[in-house]
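Okay, structure first, notes after.
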Amino acid sequence: MLKQILSKLPRKSYKSTENRDRGRNLATNSYNSTGSRSCDLGAKSAKLNITSVTAYDSASDRGQNHGNDIQQGVTSKLNGILGFSSYEGLPELRDVPNSEKQNLFIKKLNLCCIVFDFSDPTKNLKEKDIKRQTLLELVDYVTSVNGKFTETVMQEVIKMVSANLFRTISPQPHENKVVDGVDLEEEEPSMDLAWPHLQLVYELFLRFVASSETDVKPAKRYIDQSFILKFLDLFDSEDPREREYLKTILHRIYGKFMVHRPFIRKAINNIFYQFIFETEKHNGIAELLEILGSIINGFALPLKEEHKMFLIHALIPLHKPRCLAMYHQPLSYCIMQFVEKDYKLADAVIRGLLKYWPLTNSSKEVMFLNELEEVLEATQPSEFQRCTVPLFQKIAQCLNSSHFQVAERALFLWNNEPIENLIIQNRNVILPIILPALEKNSRNHWNQAVRSLTLNVRKIFDDLDPELSNECLHKFEEAERKEDEIKARCEAKWERLEELAAQKALSSKAC
């Protein structure tokens, strides 16, 4: 019976039995492995692989005619890798006439839909190298092509990119690695083992999106909202090289596909919400903020209400997570773009910083003070007056911080001329708030540098308005005297209570 079935199988005229057996062994090893890159798209990739190599290997027909269901499944899985063996019979793109290049390009794209397992460096070495060389050839073709890409080509490019890139990303948790916003372990970033192939796929896709031969109208049918969502999911990759490519490509897509711009902003917004209010774990926040920095820079004036809400509801709350240090620089840049475009937003930004001001994280306080100085530099007097009281109540707390870097950074605000001018203009409100903190620092702070800077700030006010300075000092001393009196009365009352308690205890013992 088995011989009758085998006799029906078609024979391949262009391949020796030895090479076919070798190809089957490689295919079995590859498909039996379950590496990290197969993930959710494993079944889809297998399906793509089978359809993409039908033209090169008649083994797919053999699977349809086989009478045994188990053998049929195994035969289907073999087709993908066997397709790479048949690649050796394909000419290079530069060696064929222009009329045949498109069809050959599509065939090679289909071959590159096959995804290999890189967890075992000894498996499928020849096939992996063939795919790498094929991808290099495809990159060169996309770069130098003359003439618009057809819809068929666009569809095949997106199919190949999806098969290779879209996989499950399993990020390592950050809560054990980041304390007080500082990466303590300084570990090397996790690198994807499949990067030799992934890099070339990203490079091909980048050049395809950036190419003047890619027409937006048909391309948006394949680079659609579903594709963009999956593409954004990849920003959680542990590999910084991958995130850099993702950042560059997404920026190109945003610039070229204007119809997708609102959707991309909304999708990034949702990533931020999930990060802020649910997980506080994401590897690509810094890269997404770098993209947004360029996007915000291009916003037209006056700013739309949608953009202002994005600042208030997404960007400002990004100061909340403990791992702020990982993305603070691009976040600060984005916020400054808003303040520079509309100075009236300065009050909302300052109040937002005060809302999320850290209570026990000194290094994070220093970051807040750095950002606060940048915002205050761009703040107009009218906006400054609206938030003066809560702002300098917080600065007074920083002045009295036992952490010398926090106190020192707060005192450095007086070294900034625009900020000093704002303070001087509003000294009647500010000095009564901060003078008690300055006086306590000059008397009691343990750090000599902080005491010296405090005396310099006191001298500024004494020279500028000695009458106001003396008045505030008198009020502080009076308040301090009353506080000492209240403290003395409380201590006396407490001592009296202790005496009464002791007498009561003696009376109970005597009874």
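In the structure tokens, chains take letters A, B, ... by order of appearance, with residues numbered from 1 within each chain and ligands from 1 in the order shown.
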Please identify all polymer residues within 7 Å of segment 229-237 of chain A, counting only C-alpha atoms, omitting same-chain residues fewer than 6 positions from it, and present them as a list in words.
Phe166, Ile169, Pro171, Arg243, Leu246, His282, Asn283 and Gly284 of chain A
Output for the residues just chosen: all heavy atoms as a tab-separated table (two decimals), in the first residue's frame:
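For reference, part01.tsv as written:
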chain	number	residue	atom	x	y	z
A	166	PHE	N	6.38	41.21	12.94
A	166	PHE	CA	5.31	41.16	13.92
A	166	PHE	C	5.38	39.85	14.70
A	166	PHE	O	5.05	38.78	14.19
A	166	PHE	CB	3.96	41.31	13.24
A	166	PHE	CG	3.77	42.66	12.59
A	166	PHE	CD1	2.85	42.84	11.57
A	166	PHE	CD2	4.52	43.75	12.99
A	166	PHE	CE1	2.69	44.08	10.98
A	166	PHE	CE2	4.37	44.99	12.40
A	166	PHE	CZ	3.45	45.16	11.39
A	169	ILE	N	6.45	40.55	21.78
A	169	ILE	CA	7.56	41.16	22.51
A	169	ILE	C	7.33	40.92	23.99
A	169	ILE	O	6.29	41.27	24.53
A	169	ILE	CB	7.64	42.68	22.24
A	169	ILE	CG1	7.82	42.93	20.73
A	169	ILE	CG2	8.76	43.31	23.03
A	169	ILE	CD1	9.13	42.46	20.17
A	171	PRO	N	8.86	42.08	27.24
A	171	PRO	CA	9.85	42.94	27.91
A	171	PRO	C	10.18	42.46	29.30
A	171	PRO	O	9.34	41.88	29.99
A	171	PRO	CB	9.14	44.30	27.95
A	171	PRO	CG	7.69	43.98	27.94
A	171	PRO	CD	7.55	42.72	27.11
A	243	ARG	N	14.44	49.64	18.21
A	243	ARG	CA	13.64	50.82	18.53
A	243	ARG	C	14.08	52.04	17.72
A	243	ARG	O	13.27	52.90	17.37
A	243	ARG	CB	13.71	51.12	20.03
A	243	ARG	CG	13.15	50.02	20.92
A	243	ARG	CD	12.83	50.55	22.32
A	243	ARG	NE	13.98	51.12	22.98
A	243	ARG	CZ	14.84	50.45	23.73
A	243	ARG	NH1	14.69	49.15	23.90
A	243	ARG	NH2	15.85	51.07	24.31
A	246	LEU	N	12.47	51.63	14.37
A	246	LEU	CA	11.04	51.87	14.50
A	246	LEU	C	10.74	53.37	14.58
A	246	LEU	O	9.81	53.86	13.94
A	246	LEU	CB	10.52	51.17	15.77
A	246	LEU	CG	10.45	49.64	15.72
A	246	LEU	CD1	10.30	49.07	17.12
A	246	LEU	CD2	9.31	49.18	14.83
A	282	HIS	N	7.49	49.94	29.96
A	282	HIS	CA	7.53	50.05	28.49
A	282	HIS	C	8.93	50.50	28.10
A	282	HIS	O	9.49	51.40	28.71
A	282	HIS	CB	6.50	51.04	27.97
A	282	HIS	CG	6.17	50.86	26.52
A	282	HIS	ND1	7.04	51.26	25.51
A	282	HIS	CD2	5.11	50.32	25.89
A	282	HIS	CE1	6.50	50.97	24.34
A	282	HIS	NE2	5.32	50.41	24.53
A	283	ASN	N	9.48	49.86	27.08
A	283	ASN	CA	10.86	50.15	26.67
A	283	ASN	C	10.97	51.30	25.69
A	283	ASN	O	12.06	51.85	25.51
A	283	ASN	CB	11.49	48.90	26.05
A	283	ASN	CG	11.67	47.79	27.06
A	283	ASN	OD1	12.30	47.97	28.08
A	283	ASN	ND2	11.10	46.63	26.76
A	284	GLY	N	9.86	51.67	25.04
A	284	GLY	CA	9.96	52.62	23.93
A	284	GLY	C	9.40	53.99	24.19
A	284	GLY	O	9.18	54.76	23.23
I need the helix (DSSP H, G or I) residues of segment 188-337 of chain A per DSSP on the backbone, written as a ChimeraX atom specification.
/A:195-210,216-219,225-236,240-256,258-279,285-297,305-319,324-326,328-337
One-decimal distance in Å that lies between atom CA of Gln102 of chain A and atom CA of Val161 of chain A
17.4 Å
Selection near Gln405 of chain A, 12 Å with only C-alpha atoms, sequence-local residues under 3 positions removed, as a count of residues only:
22
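Residue neighbourhood of Val145 of chain A, excluding near-sequence residues (fewer than 2 positions): Asn98, Lys101, Gln102, Asp140, Tyr141, Val142, Thr143, Gly147, Lys148, Phe149, Ser211, Ser212 and Glu213 of chain A, at 10 Å, using only C-alpha atoms.
In terms of minimum interatomic distance to Leu292 of chain A, A:Leu331 ranks closest within A:Leu438, A:Leu331, A:Val201, A:Met154, counting only C-alpha atoms.
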Selection: 10 Å around segment 314-323 of chain A, only C-alpha atoms, excl. self and same-chain fewer than 5 positions, as a PyMOL selection string:
chain A and resi 174-175+177-183+268-273+275-277+279-282+285+289+308-309+328+331-332+334-335+348-353+355-358+361+364+367-368
Go ahead and compute the interatomic distance for atom CA of Lys304 of chain A and atom CA of Leu250 of chain A, in Å to one decimal.
22.6 Å
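For the choices A:Glu377, A:Asp239, A:Glu417, A:Glu151, the atom-to-atom distance to Ile223 of chain A is smallest for A:Glu151 when using only C-alpha atoms.
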At a cut-off of 8 Å, using only C-alpha atoms, what residues contact Thr379 of chain A? Leave out same-chain residues fewer than 4 positions from it and give the result as a ChimeraX atom specification.
/A:339,343,346,375,383-384
Write the residues of the selection above to a file with N, CA, C and O atoms, as an mmCIF file, in the first residue's frame.
data_model
loop_
_atom_site.group_PDB
_atom_site.id
_atom_site.type_symbol
_atom_site.label_atom_id
_atom_site.label_comp_id
_atom_site.auth_asym_id
_atom_site.auth_seq_id
_atom_site.Cartn_x
_atom_site.Cartn_y
_atom_site.Cartn_z
ATOM 1 N N VAL A 339 5.054 75.164 25.497
ATOM 2 C CA VAL A 339 5.156 76.455 26.188
ATOM 3 C C VAL A 339 5.656 77.533 25.241
ATOM 4 O O VAL A 339 5.178 78.680 25.272
ATOM 5 N N TYR A 343 2.441 80.635 25.309
ATOM 6 C CA TYR A 343 2.957 80.953 26.648
ATOM 7 C C TYR A 343 1.883 80.787 27.727
ATOM 8 O O TYR A 343 2.198 80.629 28.915
ATOM 9 N N ALA A 346 2.039 77.826 30.211
ATOM 10 C CA ALA A 346 3.064 77.719 31.251
ATOM 11 C C ALA A 346 2.446 77.469 32.624
ATOM 12 O O ALA A 346 2.955 76.672 33.412
ATOM 13 N N VAL A 375 11.068 75.878 32.037
ATOM 14 C CA VAL A 375 9.711 76.406 31.833
ATOM 15 C C VAL A 375 9.631 77.858 32.297
ATOM 16 O O VAL A 375 9.043 78.713 31.623
ATOM 17 N N GLU A 383 1.529 84.957 33.470
ATOM 18 C CA GLU A 383 1.365 83.549 33.822
ATOM 19 C C GLU A 383 2.126 83.227 35.102
ATOM 20 O O GLU A 383 1.672 82.391 35.904
ATOM 21 N N PHE A 384 3.255 83.877 35.300
ATOM 22 C CA PHE A 384 4.044 83.640 36.506
ATOM 23 C C PHE A 384 3.257 84.049 37.757
ATOM 24 O O PHE A 384 3.264 83.349 38.771
#
Tell me which protein, DNA and RNA residues are within 8 Å of segment 252-257 of chain A, counting only C-alpha atoms, leaving out same-chain ones fewer than 5 positions away, and put them as JSON, numbers by chain.
{"A": [206, 209, 210, 216, 220, 264]}
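Atom CA of Lys440 of chain A lies 21.3 Å from atom CA of Ile424 of chain A.
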Between A:Glu305, A:Pro330, A:Asp347, A:Glu471, which residue has the minimum interatomic distance to Gly293 of chain A, considering only C-alpha atoms?
A:Pro330
